[in-house]
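Asks: Got a structure here, written out as structure tokens. Questions coming.
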Amino acid sequence: MRKLLAVVVLAACGPAGRDSGIDAPSQADAPAGGDASTADTSRVYAHSGGMLYRLNNLTLAAIPVGPMTGLSTDLLDLAIDANDGLVGVTATKLFSLNATTGAATFIRDLTGDARGLTSLSYVPQSLTDPASPDILVSANGSGQVFQINQATGTATQIGSYGTAAGNAVIGSSGDLFGVRGLGIFATVDVGNDASANDYLARIDPANGWKATPLGIGTGFNKIFGLGYWGGKIYGFVDNGFEAGGKMIEIDPNTGAGTVLSSADVRWFGAGVATDAPLL
């Protein structure tokens, strides 16, 4: 789904409601924070419909990388593999992204169930094996989880987020990410009310990709991008036309969200490298 983060390893996606045009560079307000004794090593990227950003892990500023030239419509989400390769999706096409310039290069058309997917992330095939290959996955609003074949553009269902109490369907509300040694997390809707607050959920691929929502919700809706860096989960929120967006931090235990900054940027998605540092 639409989401946007910056080099903090995050993956972003957005619901079908993302509908802004290709936009000009903009920079989020940068909250104070970070350890000045360490380097800006973040590999978290986020994006609006047409602009790529990288997250500075010291200042939490979203640094513009460049316009995603080569797109004819909004990018809905992006994903980052362990080798720092970036790919992104529109509703019908798969692109590679240049991490230095932001330029998008067409890879292939998406087919079948891969069309219209708005969340995207690489996740480790094995969360505990450092040598395990990355796989490209996505989830839809009905909670179905798909593996996308990057060579053919096709999608194969590999599981489902399942249901919560009262048989309420758990569906993707925006994004997911997976990091070796940490696990897989996603933002989800519980039930049919897409206007309700999103939940952070733990995803268990060993149990059919079952989702377990945390706490009573994040307190935010339309978290279209997720990122992780050094022990912290970041969410990228789209506030809609003329309202910009927010970057939030989400507690991995309670699922509660806290505002870090606001900006003119509408976040459509974000991407997380699967080998992001845990601390």
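Every chain in the structure tokens has a letter given in the order shown (A, B, ...), and although residue numbers restart at 1 in each chain, ligands are simply numbered from 1 in the order shown.
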May I have the residues within 9 Å of Gly231 of chain A as an MDAnalysis selection string, using only C-alpha atoms and disregarding those fewer than 4 positions away in the same chain?
Replies: chainID A and resid 277:279
Asks: Could you list, with a cut-off of 9 Å and counting only C-alpha atoms, the residues of segment 113-210 of chain A near segment 90-95 of chain A, each shown with its nearest atom pair and the distance in Å rounded to one decimal, rows sorted by chain and ascending number, as CSV?
Replies:
residue,atom,partner,partner_atom,distance
A:Ala114,CA,A:Thr92,CA,7.9
A:Arg115,CA,A:Thr92,CA,5.1
A:Gly116,CA,A:Ala91,CA,4.4
A:Leu117,CA,A:Ala91,CA,6.6
A:Thr118,CA,A:Ala91,CA,7.2
A:Gln150,CA,A:Leu94,CA,8.0
A:Gly153,CA,A:Leu94,CA,7.4
Asks: For the residues in that selection, give me N, CA and C atoms as a CSV table (one decimal), in the first residue's frame.
Replies:
chain,number,residue,atom,x,y,z
A,114,ALA,N,-1.5,-10.7,-9.0
A,114,ALA,CA,-0.4,-9.7,-8.6
A,114,ALA,C,-0.9,-8.3,-9.0
A,115,ARG,N,-1.9,-8.1,-9.8
A,115,ARG,CA,-2.3,-6.8,-10.2
A,115,ARG,C,-3.2,-6.2,-9.1
A,116,GLY,N,-2.9,-4.9,-8.8
A,116,GLY,CA,-3.7,-4.2,-7.8
A,116,GLY,C,-3.2,-4.4,-6.4
A,117,LEU,N,-2.2,-5.2,-6.1
A,117,LEU,CA,-1.6,-5.4,-4.8
A,117,LEU,C,-0.9,-4.1,-4.4
A,118,THR,N,-1.2,-3.6,-3.2
A,118,THR,CA,-0.7,-2.3,-2.8
A,118,THR,C,0.3,-2.4,-1.6
A,150,GLN,N,9.3,-12.4,-9.4
A,150,GLN,CA,9.8,-11.2,-10.0
A,150,GLN,C,10.1,-11.4,-11.5
A,153,GLY,N,6.2,-11.9,-13.0
A,153,GLY,CA,5.1,-11.0,-12.7
A,153,GLY,C,3.8,-11.7,-12.1
Asks: Quick one: contact table of segment 146-193 of chain A to segment 203-226 of chain A, 10 Å max, nearest atom pair and distance in Å to one decimal per residue, counting only C-alpha atoms, chain and number order, as a tab-separated table?
Replies:
residue	atom	partner	partner_atom	distance
A:Ile158	CA	A:Gly208	CA	7.3
A:Gly159	CA	A:Gly208	CA	4.8
A:Ser160	CA	A:Trp209	CA	5.5
A:Tyr161	CA	A:Lys210	CA	4.4
A:Gly162	CA	A:Lys210	CA	5.6
A:Thr163	CA	A:Ala211	CA	8.0
A:Ala164	CA	A:Thr212	CA	7.9
A:Ile170	CA	A:Ala211	CA	7.3
A:Gly171	CA	A:Ala211	CA	9.1
A:Ser172	CA	A:Phe224	CA	9.8
A:Ser173	CA	A:Lys222	CA	6.8
A:Gly174	CA	A:Phe224	CA	4.1
A:Asp175	CA	A:Gly225	CA	5.5
A:Leu176	CA	A:Leu226	CA	6.4
A:Phe177	CA	A:Leu226	CA	6.8
A:Gly178	CA	A:Ile203	CA	9.2
A:Gly183	CA	A:Ile203	CA	7.6
A:Ile184	CA	A:Ile203	CA	5.3
A:Phe185	CA	A:Ile203	CA	5.6
A:Ala186	CA	A:Ile203	CA	7.0
A:Thr187	CA	A:Ile223	CA	7.0
A:Val188	CA	A:Pro213	CA	7.6
A:Asp189	CA	A:Pro213	CA	9.0
A:Val190	CA	A:Pro213	CA	8.1
Asks: So what do you get for atom CA of His47 of chain A versus atom CA of Asp251 of chain A, distance-wise?
Replies: 22.4 Å
Asks: Identify, on the basis of only C-alpha atoms, every residue whose closest approach to Met247 of chain A does not exceed 7 Å; exclude the query and any residue fewer than 4 positions from it along the same chain; express the result as JSON, numbers by chain.
Replies: {"A": [234, 235, 236, 237, 259, 260, 261, 262]}
Asks: Could you write out, as a VMD selection string, all the residues of segment 63-203 of chain A that DSSP marks as helix (DSSP H, G or I)?
Replies: chain A and resid 112 to 114 165 to 167
Asks: Can you check which residues of segment 33-107 of chain A DSSP gives as strand (DSSP E or B) on the backbone and send them as a PyMOL selection string?
Replies: chain A and resi 44-47+51-55+62-67+77-80+86-89+93-97+104-107
Asks: Measuring between only C-alpha atoms, which one of A:Asn192, A:Phe268, A:Phe146, A:Asp275 shows the shortest distance to Gly50 of chain A?
Replies: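 Closest to Gly50 of chain A, using only C-alpha atoms: A:Phe268.
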Asks: Taking into account only C-alpha atoms, which residue in the set A:Leu182, A:Met68, A:Val169, A:Ala256 is nearest to Thr105 of chain A?
Replies: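 Answer, going by the shortest atom-to-atom distance: A:Met68.
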Asks: Could you tell me which of A:Ala151, A:Val265, A:Ala39, A:Ala46 comes closest to Tyr228 of chain A if we count only C-alpha atoms?
Replies: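 Of A:Ala151, A:Val265, A:Ala39, A:Ala46, the one nearest Tyr228 of chain A is A:Ala46, counting only C-alpha atoms.
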Asks: Atom CA of Asn83 of chain A and atom CA of Ala155 of chain A, how far apart in Å?
Replies: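 It comes out at 22.4 Å.
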Asks: Return the single residue from A:Arg266, A:Arg180, A:Arg108, A:Arg54 that is closest to Thr128 of chain A, with distances computed using only C-alpha atoms.
Replies: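 So, comparing all the options, the nearest one is A:Arg180.
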Asks: Between atom CA of Thr152 of chain A and atom CA of Ala79 of chain A, measure the distance and give it in Å to one decimal.
Replies: 17.1 Å
Asks: Ranking A:Asp84, A:Asp193, A:Asp198, A:Glu249 by minimum distance to Ala273 of chain A and counting only C-alpha atoms, which one comes first?
Replies: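 Ranked by minimum distance to Ala273 of chain A, first place goes to A:Asp84.
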